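Have a look at protein_20.pdb below; it lists PDB, C-alpha atoms, pLDDT in the B column.
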ATOM      1  CA  MET K 203      29.807 -31.750  23.262  1.00 60.00           C
ATOM      2  CA  ARG K 204      27.611 -30.718  26.191  1.00 62.00           C
ATOM      3  CA  VAL K 205      28.213 -27.038  25.484  1.00 56.00           C
ATOM      4  CA  ARG K 206      27.354 -27.564  21.814  1.00 55.00           C
ATOM      5  CA  ASN K 207      24.110 -29.382  22.693  1.00 55.00           C
ATOM      6  CA  ALA K 208      23.220 -26.697  25.215  1.00 52.00           C
ATOM      7  CA  MET K 209      23.873 -23.985  22.600  1.00 48.00           C
ATOM      8  CA  LEU K 210      21.734 -25.827  20.016  1.00 48.00           C
ATOM      9  CA  SER K 211      18.914 -26.215  22.544  1.00 53.00           C
ATOM     10  CA  LEU K 212      19.098 -22.540  23.463  1.00 49.00           C
ATOM     11  CA  PHE K 213      19.110 -21.562  19.779  1.00 50.00           C
ATOM     12  CA  ALA K 214      16.043 -23.763  19.123  1.00 49.00           C
ATOM     13  CA  ILE K 215      14.158 -22.203  22.044  1.00 52.00           C
ATOM     14  CA  LEU K 216      15.016 -18.663  20.959  1.00 49.00           C
ATOM     15  CA  LEU K 217      14.073 -19.391  17.347  1.00 47.00           C
ATOM     16  CA  SER K 218      10.688 -20.884  18.249  1.00 49.00           C
ATOM     17  CA  ALA K 219       9.957 -18.017  20.639  1.00 46.00           C
ATOM     18  CA  SER K 220      10.788 -15.387  18.035  1.00 44.00           C
ATOM     19  CA  VAL K 221       8.726 -17.130  15.337  1.00 41.00           C
ATOM     20  CA  SER K 222       5.663 -17.413  17.584  1.00 40.00           C
ATOM     21  CA  TYR K 223       6.105 -13.823  18.763  1.00 41.00           C
ATOM     22  CA  ALA K 224       6.227 -12.576  15.163  1.00 41.00           C
ATOM     23  CA  GLN K 225       2.812 -14.042  14.324  1.00 40.00           C
ATOM     24  CA  PRO K 226      -0.084 -11.569  14.520  1.00 41.00           C
ATOM     25  CA  THR K 227      -2.404 -12.167  17.438  1.00 46.00           C
ATOM     26  CA  HIS K 228      -5.407 -11.176  15.315  1.00 47.00           C
ATOM     27  CA  PRO K 229      -5.079 -11.882  11.606  1.00 55.00           C
ATOM     28  CA  LYS K 230      -6.553  -8.980   9.674  1.00 64.00           C
ATOM     29  CA  SER K 231      -8.978  -9.233   6.805  1.00 69.00           C
ATOM     30  CA  PRO K 232      -7.699  -8.181   3.394  1.00 85.00           C
ATOM     31  CA  HIS K 233      -7.814  -4.417   2.953  1.00 90.00           C
ATOM     32  CA  ASP K 234      -8.494  -2.319  -0.099  1.00 93.00           C
ATOM     33  CA  THR K 235      -8.373   1.311  -1.147  1.00 96.00           C
ATOM     34  CA  VAL K 236     -10.681   2.263  -4.003  1.00 96.00           C
ATOM     35  CA  LYS K 237     -10.697   5.657  -5.691  1.00 95.00           C
ATOM     36  CA  THR K 238     -12.507   7.857  -8.120  1.00 96.00           C
ATOM     37  CA  LYS K 239     -11.552  11.395  -9.011  1.00 95.00           C
ATOM     38  CA  ASP K 240     -13.387  12.748  -5.946  1.00 96.00           C
ATOM     39  CA  ILE K 241     -13.779   9.814  -3.498  1.00 97.00           C
ATOM     40  CA  THR K 242     -11.287   7.490  -1.779  1.00 98.00           C
ATOM     41  CA  VAL K 243     -12.458   4.626   0.446  1.00 98.00           C
ATOM     42  CA  THR K 244     -10.134   2.476   2.585  1.00 97.00           C
ATOM     43  CA  TYR K 245     -11.677  -0.574   4.237  1.00 97.00           C
ATOM     44  CA  GLY K 246     -11.217  -4.103   5.518  1.00 96.00           C
ATOM     45  CA  ARG K 247     -12.903  -6.720   3.304  1.00 96.00           C
ATOM     46  CA  PRO K 248     -14.377  -9.516   5.451  1.00 95.00           C
ATOM     47  CA  TYR K 249     -15.621 -12.733   3.854  1.00 94.00           C
ATOM     48  CA  LYS K 250     -19.063 -14.274   4.215  1.00 93.00           C
ATOM     49  CA  LYS K 251     -17.586 -17.757   4.900  1.00 93.00           C
ATOM     50  CA  GLY K 252     -21.000 -19.458   4.769  1.00 90.00           C
ATOM     51  CA  ARG K 253     -22.464 -17.188   7.445  1.00 92.00           C
ATOM     52  CA  GLU K 254     -25.679 -15.205   7.260  1.00 91.00           C
ATOM     53  CA  VAL K 255     -24.307 -11.698   7.691  1.00 95.00           C
ATOM     54  CA  PHE K 256     -27.134  -9.177   8.123  1.00 93.00           C
ATOM     55  CA  GLY K 257     -29.660  -9.929  10.823  1.00 92.00           C
ATOM     56  CA  LYS K 258     -27.342 -12.561  12.338  1.00 91.00           C
ATOM     57  CA  LEU K 259     -23.574 -11.825  12.372  1.00 91.00           C
ATOM     58  CA  GLU K 260     -24.324  -8.093  12.059  1.00 92.00           C
ATOM     59  CA  PRO K 261     -27.609  -7.531  13.940  1.00 93.00           C
ATOM     60  CA  TYR K 262     -30.291  -5.283  12.532  1.00 97.00           C
ATOM     61  CA  GLY K 263     -30.576  -1.936  14.272  1.00 96.00           C
ATOM     62  CA  LYS K 264     -26.965  -1.897  15.570  1.00 96.00           C
ATOM     63  CA  VAL K 265     -24.095   0.248  14.290  1.00 96.00           C
ATOM     64  CA  TYR K 266     -21.949  -1.666  11.759  1.00 95.00           C
ATOM     65  CA  ARG K 267     -18.407  -0.639  10.831  1.00 92.00           C
ATOM     66  CA  VAL K 268     -18.951  -1.374   7.107  1.00 96.00           C
ATOM     67  CA  GLY K 269     -15.789  -3.431   6.934  1.00 94.00           C
ATOM     68  CA  ALA K 270     -13.365  -5.205   9.203  1.00 93.00           C
ATOM     69  CA  ASP K 271     -10.638  -4.154  11.611  1.00 92.00           C
ATOM     70  CA  GLU K 272     -10.144  -0.353  11.603  1.00 91.00           C
ATOM     71  CA  ALA K 273     -13.239   1.686  10.828  1.00 94.00           C
ATOM     72  CA  THR K 274     -13.701   2.335   7.119  1.00 97.00           C
ATOM     73  CA  THR K 275     -12.625   5.792   5.987  1.00 97.00           C
ATOM     74  CA  ILE K 276     -14.051   7.806   3.129  1.00 98.00           C
ATOM     75  CA  THR K 277     -12.377  10.927   1.771  1.00 98.00           C
ATOM     76  CA  PHE K 278     -14.113  13.521  -0.380  1.00 98.00           C
ATOM     77  CA  ALA K 279     -11.693  15.595  -2.473  1.00 97.00           C
ATOM     78  CA  LYS K 280     -14.142  18.495  -2.672  1.00 97.00           C
ATOM     79  CA  ASP K 281     -17.477  19.644  -1.270  1.00 98.00           C
ATOM     80  CA  GLY K 282     -20.521  17.828  -2.609  1.00 97.00           C
ATOM     81  CA  THR K 283     -23.600  15.923  -1.525  1.00 98.00           C
ATOM     82  CA  PHE K 284     -23.807  12.452  -0.040  1.00 98.00           C
ATOM     83  CA  GLY K 285     -27.250  10.910   0.006  1.00 97.00           C
ATOM     84  CA  GLY K 286     -28.626  14.313  -0.999  1.00 97.00           C
ATOM     85  CA  LYS K 287     -27.113  16.047   2.029  1.00 98.00           C
ATOM     86  CA  PRO K 288     -24.213  18.515   1.872  1.00 98.00           C
ATOM     87  CA  VAL K 289     -20.785  17.179   2.851  1.00 98.00           C
ATOM     88  CA  LYS K 290     -17.539  19.144   3.109  1.00 98.00           C
ATOM     89  CA  ALA K 291     -14.290  17.957   1.575  1.00 98.00           C
ATOM     90  CA  GLY K 292     -12.384  15.860   4.108  1.00 98.00           C
ATOM     91  CA  THR K 293     -11.975  12.383   5.587  1.00 98.00           C
ATOM     92  CA  TYR K 294     -14.665  10.666   7.645  1.00 98.00           C
ATOM     93  CA  THR K 295     -15.329   7.259   9.166  1.00 97.00           C
ATOM     94  CA  LEU K 296     -18.168   5.362   7.492  1.00 98.00           C
ATOM     95  CA  PHE K 297     -20.712   3.447   9.559  1.00 97.00           C
ATOM     96  CA  ALA K 298     -24.157   2.019   8.882  1.00 98.00           C
ATOM     97  CA  ILE K 299     -27.152   0.809  10.810  1.00 98.00           C
ATOM     98  CA  PRO K 300     -28.441  -2.087   8.703  1.00 98.00           C
ATOM     99  CA  ASN K 301     -32.095  -3.059   8.710  1.00 97.00           C
ATOM    100  CA  GLU K 302     -33.972  -5.443   6.473  1.00 96.00           C
ATOM    101  CA  SER K 303     -35.421  -2.864   4.072  1.00 97.00           C
ATOM    102  CA  GLN K 304     -33.167   0.177   4.586  1.00 98.00           C
ATOM    103  CA  TRP K 305     -29.802   1.185   6.005  1.00 98.00           C
ATOM    104  CA  THR K 306     -28.878   4.386   7.751  1.00 98.00           C
ATOM    105  CA  ILE K 307     -25.462   5.445   6.471  1.00 98.00           C
ATOM    106  CA  ILE K 308     -23.402   7.561   8.876  1.00 98.00           C
ATOM    107  CA  LEU K 309     -20.391   9.800   8.301  1.00 98.00           C
ATOM    108  CA  ASN K 310     -18.485  10.566  11.506  1.00 98.00           C
ATOM    109  CA  SER K 311     -15.574  12.991  11.888  1.00 97.00           C
ATOM    110  CA  GLN K 312     -13.689  10.965  14.547  1.00 96.00           C
ATOM    111  CA  LEU K 313     -10.840   9.214  12.744  1.00 96.00           C
ATOM    112  CA  GLY K 314      -8.723   6.336  14.067  1.00 91.00           C
ATOM    113  CA  GLN K 315     -11.563   4.221  15.440  1.00 90.00           C
ATOM    114  CA  TRP K 316     -11.201   0.449  15.658  1.00 89.00           C
ATOM    115  CA  GLY K 317     -14.400  -0.984  14.266  1.00 83.00           C
ATOM    116  CA  ALA K 318     -17.592   0.387  15.796  1.00 88.00           C
ATOM    117  CA  PHE K 319     -16.770  -0.632  19.346  1.00 88.00           C
ATOM    118  CA  LYS K 320     -16.496   2.945  20.646  1.00 89.00           C
ATOM    119  CA  TYR K 321     -18.970   4.509  18.223  1.00 91.00           C
ATOM    120  CA  ASP K 322     -21.298   5.546  21.075  1.00 92.00           C
ATOM    121  CA  GLN K 323     -18.414   7.490  22.608  1.00 93.00           C
ATOM    122  CA  TYR K 324     -18.036   9.504  19.358  1.00 94.00           C
ATOM    123  CA  LYS K 325     -21.589   9.618  17.989  1.00 94.00           C
ATOM    124  CA  ASP K 326     -21.742  13.327  18.804  1.00 96.00           C
ATOM    125  CA  LYS K 327     -19.211  13.716  15.953  1.00 97.00           C
ATOM    126  CA  ASP K 328     -21.649  12.409  13.344  1.00 98.00           C
ATOM    127  CA  VAL K 329     -21.637  14.712  10.331  1.00 97.00           C
ATOM    128  CA  LEU K 330     -24.689  13.221   8.656  1.00 97.00           C
ATOM    129  CA  HIS K 331     -27.138  10.324   8.565  1.00 98.00           C
ATOM    130  CA  VAL K 332     -28.851   9.261   5.354  1.00 98.00           C
ATOM    131  CA  ASP K 333     -31.363   6.444   4.817  1.00 98.00           C
ATOM    132  CA  VAL K 334     -31.023   4.298   1.700  1.00 98.00           C
ATOM    133  CA  PRO K 335     -33.119   1.349   0.512  1.00 98.00           C
ATOM    134  CA  VAL K 336     -31.765  -2.200   0.489  1.00 98.00           C
ATOM    135  CA  LYS K 337     -31.607  -4.085  -2.808  1.00 98.00           C
ATOM    136  CA  LYS K 338     -31.894  -7.853  -2.421  1.00 97.00           C
ATOM    137  CA  LEU K 339     -29.383  -9.732  -4.586  1.00 97.00           C
ATOM    138  CA  SER K 340     -30.026 -12.999  -6.410  1.00 97.00           C
ATOM    139  CA  SER K 341     -26.610 -14.415  -5.506  1.00 95.00           C
ATOM    140  CA  PRO K 342     -24.350 -13.729  -2.521  1.00 95.00           C
ATOM    141  CA  VAL K 343     -21.385 -11.380  -2.530  1.00 96.00           C
ATOM    142  CA  GLU K 344     -18.709 -13.418  -0.754  1.00 96.00           C
ATOM    143  CA  GLN K 345     -16.495 -10.491   0.255  1.00 96.00           C
ATOM    144  CA  LEU K 346     -17.624  -7.002   1.278  1.00 97.00           C
ATOM    145  CA  THR K 347     -17.257  -4.731  -1.749  1.00 97.00           C
ATOM    146  CA  ILE K 348     -17.419  -0.943  -1.803  1.00 98.00           C
ATOM    147  CA  LYS K 349     -17.461   0.741  -5.217  1.00 97.00           C
ATOM    148  CA  PRO K 350     -17.434   4.512  -5.509  1.00 96.00           C
ATOM    149  CA  THR K 351     -18.492   5.992  -8.840  1.00 92.00           C
ATOM    150  CA  SER K 352     -19.111   9.548 -10.006  1.00 89.00           C
ATOM    151  CA  LYS K 353     -22.807   9.108  -9.082  1.00 96.00           C
ATOM    152  CA  GLU K 354     -22.961   6.774  -6.069  1.00 97.00           C
ATOM    153  CA  LEU K 355     -21.230   4.760  -3.394  1.00 98.00           C
ATOM    154  CA  GLU K 356     -22.232   1.101  -3.765  1.00 98.00           C
ATOM    155  CA  ILE K 357     -21.866  -1.219  -0.767  1.00 98.00           C
ATOM    156  CA  SER K 358     -22.557  -4.936  -1.259  1.00 98.00           C
ATOM    157  CA  ARG K 359     -22.133  -7.966   0.985  1.00 96.00           C
ATOM    158  CA  ASP K 360     -23.914 -11.270   1.421  1.00 96.00           C
ATOM    159  CA  MET K 361     -27.353 -10.936  -0.234  1.00 96.00           C
ATOM    160  CA  VAL K 362     -27.744  -7.131  -0.109  1.00 97.00           C
ATOM    161  CA  GLU K 363     -26.593  -3.956  -1.778  1.00 98.00           C
ATOM    162  CA  VAL K 364     -27.137  -0.316  -0.831  1.00 98.00           C
ATOM    163  CA  ASP K 365     -26.349   2.676  -3.031  1.00 98.00           C
ATOM    164  CA  VAL K 366     -25.749   6.159  -1.648  1.00 98.00           C
ATOM    165  CA  PRO K 367     -26.116   8.924  -4.252  1.00 98.00           C
ATOM    166  CA  VAL K 368     -23.142  11.312  -4.505  1.00 98.00           C
ATOM    167  CA  LYS K 369     -22.792  14.527  -6.422  1.00 97.00           C
ATOM    168  CA  PHE K 370     -19.928  16.993  -6.898  1.00 95.00           C
TER     169      PHE K 370
END
Give the structure from this file in structure tokens form.
Amino acid sequence: MRVRNAMLSLFAILLSASVSYAQPTHPKSPHDTVKTKDITVTYGRPYKKGREVFGKLEPYGKVYRVGADEATTITFAKDGTFGGKPVKAGTYTLFAIPNESQWTIILNSQLGQWGAFKYDQYKDKDVLHVDVPVKKLSSPVEQLTIKPTSKELEISRDMVEVDVPVKF
């Protein structure tokens, strides 16, 4: 009986340890991949959760990862223009510097970044910067949404939207 109880206790300890070990230490936001014929964007989709995002959670004038978790990636299937500037076919990380009336959108060639935490280390790999105006929205967008179309890349979250013209 003692051996059986000891075995059951050991089993319970091992089971609880393996269950707690299997839980992620940092739960990720939902992720999405959106595509058009010429653009693919993969990004984490954080929620607003009642917070004021731009100017508070994401400070004005600081590099923003445009997503959650891993840095957002954008792939262009062929050469074109992004914000009126030439861009070569390939995959880039997408960052922004939000401000109240305009955002600076950044394409960077360093892949595999986690958020924007080491952006300064790789800013020499910026491919382009483009300034776009902010559109104020009448109702909040609860979850970051990126929509590529044949004419623009639309980014909306909280009470703002920015559109970057694209052309192929």
*What does the PyMOL selection byres ((chain K and resi 313) around 9) select in this file, as JSON, numbers by chain?*
{"K": [273, 275, 293, 294, 295, 310, 311, 312, 314, 315]}
*Using only C-alpha atoms, pick whichever of K:Leu259, K:Leu309, K:Val243, K:Ala279 has the shortest atom-to-atom distance to Thr347 of chain K.*
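For Thr347 of chain K, the nearest of the given residues is K:Val243.
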*Check which residues satisfy the PyMOL selection byres ((chain K and resi 281-286) around 12) in the file shown, then give them as a PyMOL selection string.*
chain K and resi 240-241+276-280+287-293+296+305-309+329-335+350+352-356+364-370
*asked:* List the spatial neighbours of Glu254 of chain K as a list in words - criterion: any atom at most 12 Å away, only C-alpha atoms, same-chain residues fewer than 2 positions off excluded.
replied: Tyr249, Lys250, Lys251, Gly252, Phe256, Gly257, Lys258, Leu259, Glu260, Pro261, Pro342, Val343, Glu344, Arg359, Asp360, Met361 and Val362 of chain K
*asked:* Expand the PyMOL selection byres ((chain K and resi 317) around 6) into the explicit residue set it covers here, and present it as a PyMOL selection string.
replied: chain K and resi 267+271-273+316+318-319
*asked:* Between atom CA of Lys237 of chain K and atom CA of Ile357 of chain K, what distance in Å does the model show, to one decimal?
replied: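 Between these atoms lies a distance of 14.0 Å.
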*Taking into account only C-alpha atoms, which residue in the set K:Thr351, K:Tyr266, K:Leu339, K:Asp234 is nearest to Lys320 of chain K?*
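For Lys320 of chain K, the nearest of the candidates is K:Tyr266.
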Where's the centre, and what are the edge lengths in Å to one decimal, of a box along x, y and z enclosing all listed atoms of segment 291-297 of chain K padded 5 Å per side, as JSON?
{"center_x": -16.3, "center_y": 10.7, "center_z": 5.6, "size_x": 18.7, "size_y": 24.5, "size_z": 18.0}
*asked:* One decimal, in Å: what's the spacing between atom CA of Lys327 of chain K and atom CA of Gln345 of chain K?
replied: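 So the two atoms, atom CA of Lys327 of chain K and atom CA of Gln345 of chain K, lie 29.0 Å apart.
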*atom CA of Asp322 of chain K and atom CA of Val336 of chain K, how far apart in Å?*
24.4 Å
